[in-house]
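Quick look at structure_4.cif (mmCIF, C-alpha atoms and all ligand atoms):
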data_my_file
#
loop_
_atom_site.label_atom_id
_atom_site.label_comp_id
_atom_site.auth_asym_id
_atom_site.auth_seq_id
_atom_site.Cartn_x
_atom_site.Cartn_y
_atom_site.Cartn_z
CA VAL A 1 0.00 0.00 0.00
CA ARG A 2 1.43 3.35 -0.99
CA GLU A 3 0.57 6.89 0.02
CA ILE A 4 -0.08 8.59 -3.29
CA ALA A 5 -0.76 12.32 -3.61
CA ILE A 6 -2.59 13.26 -6.77
CA ILE A 7 -2.46 16.99 -7.43
CA GLY A 8 -5.47 18.04 -9.48
CA THR A 9 -9.05 16.88 -9.59
CA GLY A 10 -9.69 16.53 -13.32
CA MET A 11 -10.10 13.56 -15.61
CA MET A 12 -6.74 11.93 -14.94
CA ALA A 13 -6.93 12.52 -11.20
CA GLN A 14 -10.31 10.82 -11.19
CA ALA A 15 -9.22 7.86 -13.30
CA LEU A 16 -5.87 7.17 -11.62
CA GLY A 17 -7.21 7.80 -8.14
CA TRP A 18 -10.16 5.49 -8.65
CA GLY A 19 -7.93 2.70 -9.96
CA TRP A 20 -5.38 3.00 -7.18
CA SER A 21 -8.09 3.20 -4.52
CA GLN A 22 -9.53 -0.03 -5.90
CA ALA A 23 -6.05 -1.57 -5.74
CA GLY A 24 -5.86 -0.71 -2.04
CA HIS A 25 -3.57 2.32 -2.09
CA SER A 26 -4.13 5.40 0.01
CA VAL A 27 -4.95 8.23 -2.41
CA ARG A 28 -4.71 11.81 -1.20
CA ILE A 29 -6.07 14.57 -3.36
CA GLY A 30 -4.41 17.96 -3.51
CA SER A 31 -6.53 20.76 -4.92
CA ARG A 32 -6.36 24.52 -5.07
CA THR A 33 -9.97 24.50 -3.87
CA PRO A 34 -10.23 21.48 -1.56
CA ASP A 35 -13.51 22.66 -0.03
CA ALA A 36 -15.16 22.36 -3.43
CA VAL A 37 -14.01 18.75 -3.92
CA SER A 38 -15.79 15.67 -2.60
CA GLY A 39 -15.63 11.93 -3.02
CA GLU A 40 -18.87 12.27 -4.92
CA ASN A 41 -17.26 14.56 -7.54
CA LEU A 42 -14.23 12.33 -7.80
CA GLY A 43 -16.06 9.01 -8.03
CA TYR A 44 -14.18 7.51 -5.08
CA GLU A 45 -13.34 8.36 -1.48
CA PRO A 46 -9.74 9.51 -1.18
CA SER A 47 -7.99 9.24 2.18
CA MET A 48 -7.52 13.02 2.20
CA ILE A 49 -8.74 16.06 0.28
CA ALA A 50 -6.53 19.01 1.09
CA ASP A 51 -4.46 21.80 -0.36
CA PRO A 52 -1.51 20.51 -2.38
CA SER A 53 1.11 21.02 0.37
CA ALA A 54 -0.86 19.01 2.91
CA ALA A 55 -1.56 16.25 0.41
CA LEU A 56 2.14 16.00 -0.50
CA LEU A 57 3.43 15.93 3.06
CA GLY A 58 4.09 12.31 4.00
CA SER A 59 3.29 10.92 0.54
CA GLU A 60 5.72 8.57 -1.20
CA VAL A 61 4.52 9.39 -4.69
CA ALA A 62 3.13 12.57 -6.25
CA VAL A 63 1.18 12.60 -9.48
CA LEU A 64 1.08 16.02 -11.11
CA ALA A 65 -2.33 15.77 -12.79
CA MET A 66 -2.47 19.35 -13.99
CA PRO A 67 -1.88 21.22 -17.28
CA PHE A 68 1.72 21.20 -18.52
CA ALA A 69 2.05 24.97 -18.16
CA SER A 70 1.28 24.68 -14.42
CA VAL A 71 3.73 21.86 -13.71
CA ALA A 72 7.08 23.69 -13.57
CA PRO A 73 5.75 26.56 -11.40
CA PHE A 74 4.09 24.02 -9.12
CA VAL A 75 7.28 21.98 -8.83
CA ARG A 76 9.35 25.08 -8.02
CA GLU A 77 6.88 26.07 -5.32
CA HIS A 78 6.84 22.59 -3.72
CA ARG A 79 10.42 21.60 -4.50
CA SER A 80 11.44 20.90 -0.91
CA ILE A 81 8.82 18.15 -0.56
CA LEU A 82 8.93 16.86 -4.12
CA ARG A 83 12.70 16.28 -4.11
CA ASP A 84 12.26 13.44 -1.60
CA ILE A 85 9.44 11.53 -3.28
CA VAL A 86 8.70 9.92 -6.63
CA VAL A 87 7.21 12.54 -8.97
CA ILE A 88 5.05 11.20 -11.79
CA ASP A 89 4.77 13.66 -14.64
CA ILE A 90 1.75 12.79 -16.79
CA SER A 91 1.45 16.20 -18.47
CA ASN A 92 1.43 16.72 -22.20
CA PRO A 93 3.14 19.84 -23.53
CA PHE A 94 1.56 19.84 -27.04
CA ASP A 95 1.96 23.34 -28.52
CA SER A 96 4.02 24.54 -25.56
CA LEU A 97 6.93 22.48 -26.94
CA PRO A 98 6.08 22.06 -30.62
CA ASN A 99 9.55 20.95 -31.74
CA ASN A 100 9.97 18.09 -29.26
CA GLU A 101 13.62 18.91 -28.85
CA ARG A 102 13.28 18.35 -25.14
CA ALA A 103 10.59 16.46 -23.29
CA GLY A 104 8.08 18.16 -21.04
CA ALA A 105 9.37 15.91 -18.24
CA GLU A 106 12.86 17.36 -18.67
CA TYR A 107 11.47 20.81 -17.88
CA THR A 108 9.84 19.28 -14.82
CA ALA A 109 13.23 17.88 -13.78
CA ASP A 110 14.82 21.31 -14.37
CA ALA A 111 12.26 22.85 -12.05
CA LEU A 112 12.98 20.19 -9.43
CA GLY A 113 16.75 20.55 -9.84
CA THR A 114 17.27 16.82 -10.44
CA THR A 115 16.10 14.10 -12.82
CA LYS A 116 16.54 11.47 -10.14
CA ASN A 117 12.97 11.04 -8.97
CA VAL A 118 11.03 12.32 -11.99
CA VAL A 119 9.17 9.64 -13.92
CA ALA A 120 7.34 10.34 -17.17
CA ALA A 121 4.34 8.01 -17.36
CA PHE A 122 0.71 7.72 -18.49
CA LYS A 123 1.24 10.53 -21.00
CA ASP A 124 -0.26 8.55 -23.84
CA ASN A 125 -3.00 6.79 -21.89
CA PHE A 126 -6.33 8.52 -22.30
CA ALA A 127 -8.18 8.95 -19.00
CA ALA A 128 -11.05 6.80 -20.24
CA THR A 129 -8.69 3.87 -20.84
CA ILE A 130 -7.02 3.85 -17.42
CA ASN A 131 -9.67 1.63 -15.84
CA ALA A 132 -11.30 0.40 -19.03
CA ALA A 133 -12.57 -3.11 -19.34
CA PRO A 134 -10.15 -5.35 -21.25
CA THR A 135 -10.45 -5.04 -24.99
CA GLN A 136 -10.73 -8.00 -27.33
CA ASP A 137 -6.96 -8.20 -27.67
CA GLY A 138 -6.69 -8.48 -23.90
CA SER A 139 -5.13 -5.08 -23.39
CA ARG A 140 -5.92 -1.66 -22.02
CA GLY A 141 -2.99 -0.08 -23.82
CA ASP A 142 0.60 -0.10 -22.64
CA VAL A 143 1.86 2.34 -20.04
CA LYS A 144 5.15 3.83 -21.19
CA ILE A 145 7.61 4.89 -18.54
CA ALA A 146 10.79 6.93 -18.97
CA ALA A 147 13.02 7.80 -16.02
CA ASP A 148 16.67 7.94 -15.01
CA ASP A 149 16.38 6.28 -11.64
CA GLU A 150 15.61 2.56 -11.69
CA ALA A 151 14.08 2.50 -8.21
CA ALA A 152 11.70 5.36 -9.00
CA LYS A 153 10.85 3.71 -12.31
CA GLU A 154 9.99 0.45 -10.58
CA VAL A 155 7.66 2.20 -8.14
CA VAL A 156 5.70 3.65 -11.05
CA ALA A 157 5.80 0.41 -13.04
CA SER A 158 4.31 -1.42 -10.10
CA LEU A 159 1.58 1.22 -9.75
CA ALA A 160 0.77 0.85 -13.46
CA ARG A 161 0.58 -2.92 -13.07
CA ASP A 162 -1.81 -2.39 -10.16
CA LEU A 163 -4.07 -0.74 -12.73
CA LYS A 164 -3.75 -3.94 -14.81
CA HIS A 165 -1.71 -2.35 -17.55
CA ARG A 166 1.34 -3.77 -19.25
CA VAL A 167 4.37 -1.57 -18.69
CA LEU A 168 6.96 -0.61 -21.29
CA ASP A 169 10.28 0.65 -19.94
CA CYS A 170 11.21 3.32 -22.48
CA GLY A 171 14.63 4.05 -20.99
CA PRO A 172 15.98 7.28 -19.55
CA LEU A 173 13.95 10.40 -18.89
CA HIS A 174 15.12 12.14 -22.06
CA ASN A 175 13.38 9.40 -24.06
CA ALA A 176 10.14 11.07 -23.03
CA ARG A 177 10.98 13.29 -26.04
CA LEU A 178 9.84 10.34 -28.14
CA ILE A 179 6.66 9.82 -26.15
CA ASP A 180 5.43 13.44 -26.18
CA PRO A 181 4.74 13.51 -29.94
CA MET A 182 3.06 10.09 -29.78
CA VAL A 183 0.29 11.76 -27.81
CA ALA A 184 -0.39 14.24 -30.59
CA LEU A 185 -0.48 11.39 -33.10
CA MET A 186 -2.77 9.38 -30.84
CA LEU A 187 -5.22 12.29 -30.75
CA GLN A 188 -5.09 12.55 -34.54
CA LEU A 189 -5.74 8.81 -34.97
CA ASP A 190 -8.47 8.83 -32.37
CA ARG A 191 -10.19 11.63 -34.24
CA THR A 192 -9.84 9.84 -37.57
CA TYR A 193 -10.84 6.34 -36.50
CA ALA A 194 -12.80 6.63 -33.26
CA HIS A 195 -14.93 9.78 -33.53
CA PHE A 196 -12.66 11.42 -30.93
CA THR A 197 -14.07 9.25 -28.17
CA ARG A 198 -10.60 9.02 -26.58
CA ARG A 199 -10.93 5.35 -25.75
CA THR A 200 -8.08 4.27 -27.99
CA GLY A 201 -4.43 3.72 -27.15
CA TRP A 202 -1.04 2.37 -28.13
CA LEU A 203 -0.10 -1.30 -27.96
CA PHE A 204 3.40 -2.54 -28.79
CA THR A 205 3.15 -5.99 -30.36
CA GLY A 206 5.45 -9.00 -30.57
CA LEU A 207 6.40 -9.15 -26.91
CA ASP A 208 5.17 -12.68 -26.20
CA GLU A 209 8.55 -13.69 -24.83
CA VAL A 210 8.26 -11.02 -22.14
CA GLY A 211 5.92 -13.43 -20.36
CA PRO A 212 5.76 -12.33 -16.73
CA GLN A 213 5.43 -8.66 -17.56
CA VAL A 214 2.36 -9.27 -19.63
CA ILE A 215 -0.61 -8.86 -17.39
CA ALA A 216 -3.07 -11.62 -18.10
CA MET A 217 -6.55 -10.27 -18.17
CA GLU A 218 -8.70 -12.46 -16.04
CA GLU A 219 -12.36 -13.01 -16.52
CA GLY A 220 -14.71 -11.29 -14.12
CA GLU A 221 -12.98 -7.94 -14.14
CA ALA A 222 -16.15 -6.13 -15.09
CA ASP A 223 -15.93 -4.17 -11.86
CA CYS A 224 -12.89 -2.46 -13.37
CA GLU A 225 -15.15 -1.09 -16.08
CA GLN A 226 -14.10 2.45 -16.69
CA HIS A 227 -16.14 4.59 -14.35
CA GLN A 228 -16.30 8.03 -15.88
N1 LIG B 301 -7.24 13.63 -20.16
C1 LIG B 301 -6.45 12.67 -20.63
O1 LIG B 301 -6.92 11.71 -21.27
C2 LIG B 301 -4.96 12.74 -20.38
C3 LIG B 301 -4.20 11.60 -20.68
C4 LIG B 301 -2.83 11.61 -20.38
C5 LIG B 301 -2.25 12.73 -19.84
N2 LIG B 301 -3.01 13.84 -19.59
C6 LIG B 301 -2.35 15.01 -18.97
O2 LIG B 301 -2.72 14.98 -17.61
C7 LIG B 301 -2.84 16.32 -17.12
C8 LIG B 301 -4.22 16.50 -16.51
O3 LIG B 301 -5.16 16.29 -17.53
P1 LIG B 301 -6.72 16.22 -17.22
O4 LIG B 301 -7.36 15.82 -18.49
O5 LIG B 301 -6.97 15.45 -15.98
O6 LIG B 301 -7.00 17.77 -16.99
P2 LIG B 301 -8.27 18.49 -16.38
O7 LIG B 301 -9.42 17.56 -16.38
O8 LIG B 301 -8.36 19.79 -17.08
O9 LIG B 301 -7.83 18.75 -14.86
C9 LIG B 301 -6.68 19.50 -14.57
C10 LIG B 301 -6.60 19.71 -13.05
O10 LIG B 301 -5.39 20.43 -12.78
C11 LIG B 301 -5.58 21.23 -11.65
N3 LIG B 301 -4.93 22.51 -11.96
C12 LIG B 301 -5.24 23.36 -12.92
N4 LIG B 301 -4.38 24.41 -12.91
C13 LIG B 301 -3.55 24.20 -11.89
C14 LIG B 301 -2.47 24.93 -11.34
N5 LIG B 301 -2.10 26.10 -11.86
N6 LIG B 301 -1.83 24.42 -10.27
C15 LIG B 301 -2.22 23.25 -9.72
N7 LIG B 301 -3.25 22.52 -10.22
C16 LIG B 301 -3.90 22.98 -11.29
C17 LIG B 301 -7.06 21.41 -11.41
O11 LIG B 301 -7.37 20.91 -10.11
P3 LIG B 301 -7.91 21.90 -8.96
O12 LIG B 301 -8.73 22.94 -9.64
O13 LIG B 301 -8.69 21.02 -8.06
O14 LIG B 301 -6.69 22.46 -8.30
C18 LIG B 301 -7.71 20.54 -12.49
O15 LIG B 301 -8.68 19.69 -11.96
C19 LIG B 301 -2.57 17.25 -18.31
O16 LIG B 301 -1.26 17.72 -18.26
C20 LIG B 301 -2.79 16.35 -19.52
O17 LIG B 301 -1.98 16.73 -20.62
C21 LIG B 301 -4.35 13.86 -19.82
#
Representation of the structure as structure tokens:
Amino acid sequence: VREIAIIGTGMMAQALGWGWSQAGHSVRIGSRTPDAVSGENLGYEPSMIADPSAALLGSEVAVLAMPFASVAPFVREHRSILRDIVVIDISNPFDSLPNNERAGAEYTADALGTTKNVVAAFKDNFAATINAAPTQDGSRGDVKIAADDEAAKEVVASLARDLKHRVLDCGPLHNARLIDPMVALMLQLDRTYAHFTRRTGWLFTGLDEVGPQVIAMEEGEADCEQHQ
């Protein structure tokens, strides 16, 4: 069981928090307006709803579930706490970094002053797919993870597996440069082929030999049906 602070109360905060609550983790919600947030709005009962500082204090993992433009200022403001815990950057820079020369997560690491505990993850997993029922091919889409620190990466990989996703280790943090544009392409493909329902996702094929890392979808997981 991990103490996870999710900062933000939007679509990703709802999806990740619901999934991790179901998996038995303690999910704390940090919001700029905690009094306006309730378990009813979120779709699950977090262990705490508080301002971001209070939610972060004592957490082992922080998920920055806010717009990319807010991430670096937020990290600078909360650097003293964030430097000691695993920071999951899920934000997508899109037009803020149109050339993809550096990854959004590298700017997050700059703001923190270290790459050590920053993990880029869930960037190309639409909120509606986080807790989705298994698809016909037995997958909910891979969760790609890029980070420099192996221990931090493993914490996030295990949290992704708790959500019943297969995890792809994409290498060091700077490889998030390769993931950022995949999100833009995913949106384009979703619009073209899926009426922009945002229930699609990426699946890397040919990994049968990976065996243990492939999460077998068991029958009777209907209660994991995506809840939004
Ligand atoms: N939606 C997706 O399918 C998806 C998939 C992968 C990644 N992402 C990324 O995940 C992040 C969140 O996306 P979302 O769709 O969940 O967004 P959203 O529904 O718009 O929610 C964003 C949340 O961020 C918080 N927030 C806004 N401005 C903030 C600030 N200046 N400082 C601190 N918190 C702030 C707000 O929470 P409070 O008002 O309660 O503070 C708000 O609920 C984005 O960076 C997005 O690119 C989204």
From A:Leu64, A:Val71, A:Ala127, A:Leu82, residue lying nearest ligand LIG 301 (chain B) [only C-alpha atoms and all ligand atoms]: A:Ala127
Polymer residues at most 12 Å from Pro181 of chain A, only C-alpha atoms, same-chain spacing of 5 or more positions, as JSON, numbers by chain: {"A": [92, 93, 94, 95, 96, 97, 98, 99, 100, 101, 102, 103, 104, 123, 124, 175, 176, 186, 187, 188]}
Keeping only C-alpha atoms, take the residues you just selected and write them out as a PDB file, keeping the file's coordinate frame.
ATOM      1  CA  ASN A  92       1.430  16.720 -22.200  1.00  0.00           C
ATOM      2  CA  PRO A  93       3.140  19.840 -23.530  1.00  0.00           C
ATOM      3  CA  PHE A  94       1.560  19.840 -27.040  1.00  0.00           C
ATOM      4  CA  ASP A  95       1.960  23.340 -28.520  1.00  0.00           C
ATOM      5  CA  SER A  96       4.020  24.540 -25.560  1.00  0.00           C
ATOM      6  CA  LEU A  97       6.930  22.480 -26.940  1.00  0.00           C
ATOM      7  CA  PRO A  98       6.080  22.060 -30.620  1.00  0.00           C
ATOM      8  CA  ASN A  99       9.550  20.950 -31.740  1.00  0.00           C
ATOM      9  CA  ASN A 100       9.970  18.090 -29.260  1.00  0.00           C
ATOM     10  CA  GLU A 101      13.620  18.910 -28.850  1.00  0.00           C
ATOM     11  CA  ARG A 102      13.280  18.350 -25.140  1.00  0.00           C
ATOM     12  CA  ALA A 103      10.590  16.460 -23.290  1.00  0.00           C
ATOM     13  CA  GLY A 104       8.080  18.160 -21.040  1.00  0.00           C
ATOM     14  CA  LYS A 123       1.240  10.530 -21.000  1.00  0.00           C
ATOM     15  CA  ASP A 124      -0.260   8.550 -23.840  1.00  0.00           C
ATOM     16  CA  ASN A 175      13.380   9.400 -24.060  1.00  0.00           C
ATOM     17  CA  ALA A 176      10.140  11.070 -23.030  1.00  0.00           C
ATOM     18  CA  MET A 186      -2.770   9.380 -30.840  1.00  0.00           C
ATOM     19  CA  LEU A 187      -5.220  12.290 -30.750  1.00  0.00           C
ATOM     20  CA  GLN A 188      -5.090  12.550 -34.540  1.00  0.00           C
TER      21      GLN A 188
END
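In terms of minimum interatomic distance to Thr129 of chain A, A:Arg198 ranks closest within A:Arg76, A:Arg177, A:Arg198, A:Lys144, counting only C-alpha atoms.
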Ligand LIG 301 (chain B) neighbours within 6 Å using all atoms listed in the file, as a PyMOL selection string: chain A and resi 8-13+31-33+65-68+70+90-92+122-127
Nearest-residue call for Ala120 of chain A, choices A:Leu159, A:Leu185, A:Val37, A:Ala146, using all atoms listed in the file: A:Ala146
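Here atom CA of Ile7 of chain A is placed at a distance of 14.0 Å from atom CA of Gly58 of chain A.
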